[in-house]
Structure formats: C-alpha cells, structure tokens
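Notes for the one structure printed next.
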Amino acid sequence: MSDEQHDDERMRRILGRPASVAVPPFDAMARRSVGGSGRRSIAMAAATILVAMAALFAGRELYIFRQEQLAPTSGVAVPSASATRKVTLPQPVPQPITRTSPAAQIAWIGSSTQDQAPGAIGVDPTGRIIARLDLSGVRPYRSPDGTLMAVVANDIVATYSALDGTKQRTYPRQPTGQLIDAAFSPDGKWIALIGSQAFVQVIDLRSGLSQTTPLGYDPKAATPGMTGTFTGPIWSTIVFSPDSTRAYTIVDWGGPLRLTTFSVSPTGLVQTATAVSGQDGKRFPTCGGPGLAPRVLPNGTTLVAYCHFDGNLWFIDLASLTTIADVQTGQTNPFELSPIFTPDGQLIYLRGGSSMRVVDVSTRALVGPVAIPRKLEDPGPFSWLFTQASAGYIASTIPISPEGTKLYVSGSEGITVLRVPDLKPIATLAPGVSLDEVWISGDGKTVYATSLGKAVYVIPEGGGAPIVVPLPGRSDGYFYASEHG
Amino acid sequence: MRDDSTTADRADRLPWRDLYGAHAAELVAYLWKLTRDREVATDLMQDTFIAGMRDEAALREPAKARAWLYRIATRLAIKRLRRARLIAFLPFAGTERSTDGIPDVELAVREAMSAISADQAAALLLHYAHGFTRAEIAELVGRSEETVKSRIARGRRAFLAAYDRQGGQQ
C-alpha cells in the first residue's frame with residue numbers, strides 16, 4: 001500500500017467514526033422557519049417603535065445641545081436627558097506614543113488561504129508583504145510594544161520578529177496541554193499562560209525563566225449547554241496589572257466565579273489572594289457564556305471585565321476583591337464586539353452595530369446608545385456632554401489612535417475618523433471603498449484596513465492615496481493586534 | 001422580504017419531510033465535525049433545510065437533493081466559521097461525551113480540524129466521511145476538480161500532522 005493509500009485509509013477511519021446528535025423533529029424545524037419570520041415581524045415593529053422613541057430622544061438632545069451652544073457653560077457638567085441627573089464625561093488625557101519601532105508599524109493579518117494552513121501575513125507601511133507565519137495548531141499573540149509575535153502551541157511558546165517574521169526563541173510549556181488563555185505583561189517582560197491542566201505558567205521572555213503554580217477551579221462546574229465530564233478550569237482569563245507585577249485570573253462559566261491574584265517577580269510566582277463567589281461573603285457577577293475581556297485600569301486598583309455573552313461591564317476592587325458595580329449596558333449582539341478602553345482609563349466605548357454607548361469609569365454612568373455619525377457635517381452625538389471634543393486602546397472593530405484621541409470606524413464608504421469623546425466625525429479615509437477591519441500602526445501614522453478578505457488598504461493617517469495590497473488567496477481579513485493596539 | 005406563507009407553500013412542492021428524515025442526521029454529523037460545536041451544527045442543519053425550502057426552485061434535478069443540501073450546509077458552515085474566527089472564542093478545554101453512549105467528536109479530531117482551513121476541512125469531510133468523489137465535491141463547492149484535489153491533499157497532510165501531535169487514536 002502506498003503512503004497516499006495508507007493516509008486515505010487513516011482519514012476514512014478517523015473521520016468516519018460515528019458522531020451522533022439528536023435531530024429535532026421536522027415539525028420543530030418547520031416551526032422554526034415560520035417563527036423566524038414572525039420574530040422578524042415583531043422585531044420590525046419593535047424597531048419602528050425604537051426609531052420613533054429615538055427620534056423623540058434625539059429631538060430633546062438636539063434642543064439641549066442648541067441651548068448649550070447659545071450659552072456655553074464653563075465646566076464640563078451639563079444636563080442630560082434626565083432633568084434630575086447630571087452627566088459629565090471627562091476630556092481625554094493624551095498619552096505618549098511609545099510604539100515607534102519599525103516592527104510596531106507592520107500589520108499582521110489573519111490568513112487561511114484556500115490551500116494553505118492558517119497563517120498571518122505581515123504588511124509594511126509601503127505595502128510590501130514582508131513574511132507569512134504558519135499558525136497551524138497554534139494561537140498567536142502580539143507583544144504590547146508591537147515588536148514580537150508569540151505563537152502558543154500545546155508544548156512550546158515560540159516568538160517571531162514582527163519586523164520580518166524571523167524566529168527568535170522557543171520556550172517550553174510546563175505543563176504541556178491545550179492553551180486556555182495567554183497575556184503579555186504591559187512591560188513586555190512576561191507572558192502568562194493558563195493551560196487545560198489547571199496551571200498558570202509565567203515565562204520571562206528575556207531570561208527564559210519559567211514559573212508555574214496551580215490554578216484553583218470548581219471541579220463540579222455545571223457547564224450549561226454542554227453535556228458530559230470536563231477536566232480543567234474550562235474557560236479562564238488572565239490579565240496583568242499595569243505595572244506588570246501582578247496577574248489576575250478569572251475562572252468562570254459553569255461554576256462560581258473565582259478571582260485569584262498572583263504576585264509576579266523574577267524570584268517567584270506566588271498566589272496572594274483568592275475570592276470565590278458565594279464564599280466568605282463574596283459576590284461576583286457571572287458571565288453566562290464563554291469569553292471575558294478584562295482590563296486593569298491605569299490606577300491599578302480596579303479590574304473591569306466585559307462579558308461577551310450579555311454585554312455587561314463588571315467593576316471589581318482589587319484590594320478587597322469585591323464587586324463595585326455590574327453595569328448592564330443593554331448591548332445587543334455583544335459576541336461580535338470588543339470594548340474600547342481609552343488609554344487614560346477614563347472611558348469605555350461599546351459599539352453595537354451602527355450605534356455606540358459610552359461608560360464613564362469614575363461614575364459608571366452609561367450614556368447612549370447614539371447612532372455613529374458618518375458625515376463630516378454631523379455633530380458629535382455626545383457633544384452635549386462636554387465643552388469641546390477630543391478616546392484609546394483596542395477593539396478589533398473600532399481601533400483607537402495610540403494617543404487616545406481618535407476612533408476609526410470602517411464601513412461601505414471608507415473609514416470615518418471620530419473625535420474622542422464626542423464622536424464628531426473629523427475625517428474620511430479611503431472614501432467610497434468598502435472596508436472591514438482596521439488596524440493602526442504603533443506610531444499612529446498608518447492605517448491598515450482589509451477589504452472583503454482580498455486586499456489590504458495601506459492608508460496614510462493624514463490623508464492621501466491608499467496603497468492596495470492584494471492578499472494571496474483569501475484572507476480571513478482581521479488583524480493580530482496587541483491589547484494596546 | 002419573504003412572508004410566512006411563502007415558506008409554508010413551498011414546503012409542499014418537494015417531499016421535505018422525507019428529505020429531512022433521510023438527510024438531517026448525516027448533515028448534523030457533517031456539520032458537527034466541521035464546526036466542532038454540536039449546538040451550532042444542529043442550528044446550521046435546520047438553517048440548511050429552511051434555506052432549501054425557501055429556494056427550492058434552484059434545485060433543478062430532485063435526484064441531486066442530497067448534494068444540493070450538502071452544498072447549502074457547506075456554504076453556511078464556512079461562512080459561520082470565518083465569522084467565528086473574528087471573535088476568537090476561548091477554546092473548549094474538556095472532553096465532551098454524548099449521553100447516548102456514542103462517543104462525541106474526538107478532541108484530537110476537533111483540534112486537527114482547527115489547524116486547517118474551513119475549505120480544506122469541508123473537502124476532507126465530504127470525501128472521507130460522506131463518500132463524495134472529488135468531482136462531486138468540485139461541483140458542490142463551485143471549484144475545479146484540481147482545486148479540490150489540492151485541498152484534499154494539502155488538508156490531509158496538515159490534518160494528520162496535527163492529529164498525530166494531539167495524540168489521536170490510530
């Protein structure tokens with residue numbers, strides 16, 4: 001038997017194994033077909049009502065806005081739609097631009113071309129494809145300074161230069177096993193990993209020093225929506241403090257939420273505190289599905305986590321490990337969205353389709369939703385909240401400029417640049433071009449955007465003709481960005 | 001916008017109940033291995049039939065209903081997989097077992113599937129698990145037979161390498 005025949009036989013054996021699922025009755029499926037349309041009708045009616053309510057709301061806000069323009073206040077506190085409540089949003093504090101190295105200007109774009117394994121393609125600001133990384137069976141992460149791409153396999157972590165895709169170093173995983181989550185420390189010194197064997201591993205990327213410690217979890221997690229037995233902590237999240245000396249893990253979904261604090265230093269990875277919801281008087285929210293986006297605010301004392309299942313934002317005090325607030329944002333379809341943390345730690349923008357909400361971190365006030373403006377002549381929908389406009393951090397869908405004053409929203413008519421915090425449109429890039437995902441280079445001078453997974457547009461941030469870079473085959477059309485951009 | 005009666009009326013023109021009985025289970029199994037998610041697979045199977053019922057005029061040869069349903073299912077699944085990659089879900093870390101005693105999709109299979117492109121995964125499953133020839137797959141996915149051959153060859157190589165790395169059953 002030839003090698004090919006042998007492989008064919010193996011494939012038939014492996015893929016031909018039975019996989020049985022209960023099939024819903026035909027009538028249930030047919031009802032679903034009809035019900036879907038019914039639900040759409042209800043949704044249309046609800047949308048009509050919402051539009052009418054929004055129009056009424058907008059009219060009132062416009063009135064207030066105009067009143068403010070006639071008689072501007074000296075402060076930033078202005079009346080909101082509520083006659084009894086004052087809402088203020090802070091002006092942004094522009095942050096220094098630190099990711100100025102050539103490597104930090106290279107965009108890395110996800111690619112799974114028709115006949116190739118998953119990978120990432122590097123494109124530089126001149127539109128040149130500089131390298132392709134093979135991402136078969138691994139998960140990629142980009143360092144905070146943008147200079148490294150780290151790929152995590154079940155047995156090793158490998159780093160590659162983001163400048164030219166050359167391999168830099170490998171580090172063994174201890175213990176080996178499926179990766180659950182990973183995070184770089186903000187100073188780029190450490191990478192922390194949670195594996196399916198319920199261990200936290202922290203690797204010093206310069207010395208190669210590796211430290212591990214067990215991670216507590218509920219062995220009786222209910223795993224809603226799934227059947228059978230599970231090993232390990234299911235879905236978990238890890239995040240560093242801004243000064244890179246502490247790491248926090250959240251083990252959630254299916255069991256009581258467990259928040260654990262670790263001290264990270266060259267001499268040890270030490271668990272310093274842990275709190276479990278329902279024990280010792282602790283109460284934490286829970287995310288009814290997998291996926292949390294956490295961030296320790298710049299003050300180092302507050303952990304904010306966004307639940308990708310219900311769109312809620314949690315505020316947790318890290319000194320006492322207690323819940324400060326659970327803000328129910330009303331975010332629809334939150335699975336496809338990322339929270340946008342301004343780098344000064346003051347605001348969190350939440351996009352929902354064509355609308356936007358904002359949460360003021362200090363007061364936990366939720367404002368919006370408002371329609372995202374697209375025309376340059378549109379006023380900023382939040383302009384009534386401050387005397388003048390001026391936002392920071394991630395989000396795959398709406399990235400923020402490195403200094404934190406502009407948001408970049410893509411669409412069928414190019415990229416609209418919105419001013420933070422009032423969302424006033426201040427520029428349109430690549431007008432008329434239908435664009436999908438956007439990434440901003442580390443120095444903020446180059447805007448990269450994908451178009452239908454077929455090309456990358458490299459656009460000077462200050463305006464100018466874009467360079468169109470066709471992608472080989474078909475790209476997945478998203479960027480690998482660090483949590484800082 | 002289609003109304004409810006459109007779907008109900010069209011549902012009577014083809015033996016949809018029989019087609020459902022004949023192909024629903026195999027489509028779920030196919031979609032489960034392709035998407036690596038049981039709930040998603042069940043949803044997509046139903047979406048496949050709903051889409052088929054709504055667009056049955058597109059089926060010129062009723063004898064080819066099975067391939068046509070696979071075509072719809074593949075299109076829906078690949079679209080979903082590409083979209084899901086944008087969300088970058090955290091991984092499933094457990095070993096899932098069904099309740100009826102039949103083993104679920106092996107973890108190593110799911111991991112190996114995640115190491116290849118959605119197009120390759122679909123081609124491998126259609127060929128090795130569901131008995132479609134390369135020519136049939138080419139017609140089903142709207143690509144040349146050469147492309148399908150290439151997808152299967154490259155996908156098989158990458159799949160087996162990843163499967164062996166995961167320590168899958170031999």
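Naming scheme: A, B, ... for chains in displayed order of the structure tokens; residues 1 onward per chain; ligands 1 onward as shown.
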* **Near-Arg206 in chain A list (10 Å; only C-alpha atoms; drop same-chain fewer than 4 positions) as a list in words** => Arg169, Gly188, Lys189 and Trp190 of chain A
Take the residues just selected and output them with all heavy atoms as a short mmCIF file (atom, residue, chain, number, x, y, z; two decimals), in the first residue's frame.
```
data_model
loop_
_atom_site.label_atom_id
_atom_site.label_comp_id
_atom_site.auth_asym_id
_atom_site.auth_seq_id
_atom_site.Cartn_x
_atom_site.Cartn_y
_atom_site.Cartn_z
N ARG A 169 12.98 32.78 19.40
CA ARG A 169 13.28 31.88 20.51
C ARG A 169 12.08 30.99 20.79
O ARG A 169 10.95 31.35 20.46
CB ARG A 169 13.60 32.71 21.75
CG ARG A 169 14.18 31.92 22.90
CD ARG A 169 14.76 32.84 23.95
NE ARG A 169 15.19 32.04 25.10
CZ ARG A 169 15.79 32.54 26.16
NH1 ARG A 169 16.04 33.82 26.24
NH2 ARG A 169 16.15 31.75 27.16
N GLY A 188 6.09 43.98 28.60
CA GLY A 188 6.61 43.04 27.61
C GLY A 188 7.57 42.02 28.16
O GLY A 188 8.11 41.19 27.42
N LYS A 189 7.81 42.03 29.48
CA LYS A 189 8.80 41.11 30.06
C LYS A 189 8.27 39.69 30.17
O LYS A 189 8.98 38.73 29.96
CB LYS A 189 9.21 41.62 31.44
CG LYS A 189 10.27 40.76 32.10
CD LYS A 189 10.69 41.32 33.46
CE LYS A 189 11.79 40.44 34.06
NZ LYS A 189 12.20 40.89 35.39
N TRP A 190 7.02 39.57 30.54
CA TRP A 190 6.44 38.25 30.83
C TRP A 190 5.36 37.89 29.80
O TRP A 190 4.68 38.76 29.28
CB TRP A 190 5.75 38.23 32.19
CG TRP A 190 6.49 38.83 33.35
CD1 TRP A 190 6.33 40.08 33.87
CD2 TRP A 190 7.50 38.20 34.14
NE1 TRP A 190 7.17 40.26 34.93
CE2 TRP A 190 7.90 39.12 35.13
CE3 TRP A 190 8.10 36.94 34.11
CZ2 TRP A 190 8.88 38.83 36.07
CZ3 TRP A 190 9.06 36.64 35.06
CH2 TRP A 190 9.44 37.59 36.03
#
```
* Residue set, range 199-379 of chain A restricted to strand (DSSP E), as number ranges by chain -> A: 199-204, 210-214, 236-240, 246-251, 258-265, 268-276, 292-296, 302-307, 313-317, 322-327, 340-341, 347-352, 355-360, 365-371
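Summary of the local environment: counting only C-alpha atoms, residues at most 6 Å from range 249-253 of chain A, other than itself and those fewer than 4 positions away along its chain, are Ser236, Thr237, Ile238, Leu257, Arg258, Leu259 and Thr260 of chain A.
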* To do: Find the residues around Leu292 in chain A up to 7 Å (only C-alpha atoms counted), leave out those fewer than 6 positions away in its own chain, and share them as a PyMOL selection string.
  => chain A and resi 237+305-308
Residues as selected, N, CA and C atoms, written as a short mmCIF file (atom, residue, chain, number, x, y, z; two decimals), in the first residue's frame, can you do that?
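Saved file part.cif follows:
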```cif
data_model
loop_
_atom_site.label_atom_id
_atom_site.label_comp_id
_atom_site.auth_asym_id
_atom_site.auth_seq_id
_atom_site.Cartn_x
_atom_site.Cartn_y
_atom_site.Cartn_z
N THR A 237 -9.50 33.35 32.22
CA THR A 237 -8.92 34.56 31.66
C THR A 237 -7.78 35.02 32.55
N ALA A 305 -14.17 44.07 33.61
CA ALA A 305 -14.31 42.92 32.71
C ALA A 305 -15.60 43.07 31.93
N TYR A 306 -15.51 42.81 30.63
CA TYR A 306 -16.67 42.90 29.73
C TYR A 306 -17.09 41.47 29.38
N CYS A 307 -18.34 41.15 29.66
CA CYS A 307 -18.85 39.81 29.37
C CYS A 307 -19.36 39.77 27.94
N HIS A 308 -18.74 38.94 27.11
CA HIS A 308 -19.13 38.85 25.71
C HIS A 308 -20.45 38.14 25.51
#
```
* Could you pull the residues within 10 Å of Thr159 in chain A, counting only C-alpha atoms, minus those fewer than 4 positions along the same chain, as a PyMOL selection string? -> chain A and resi 140-143+147-152+165-171+205
* Shell of 10 Å around range 61-71 of chain B, only C-alpha atoms, local chain residues under 2 positions omitted, as a PyMOL selection string -> chain B and resi 14-15+19+22-24+26-27+30-31+45+48-49+51-52+56-59+73-77+122+126+130+132+136-137+139-142
* What is the CA of Thr261 in chain A-CA of Lys282 in chain A distance in Å, reported with one decimal? -> 15.0 Å
* Structure fact -> CA of Asp8 in chain A to CA of Ala153 in chain A measures 26.5 Å
* To do: Please provide the set of residues having any atom within 9 Å of Val148 in chain B, restricted to only C-alpha atoms, with same-chain residues fewer than 5 positions apart removed, written as a list in words.
  => Gln120, Ala123, Arg134, Ala135, Ile137, Ala138, Val141, Arg143 and Ala153 of chain B
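Computed from the coordinates, the CA of Ala247 in chain A to CA of Tyr480 in chain A distance equals 22.5 Å.
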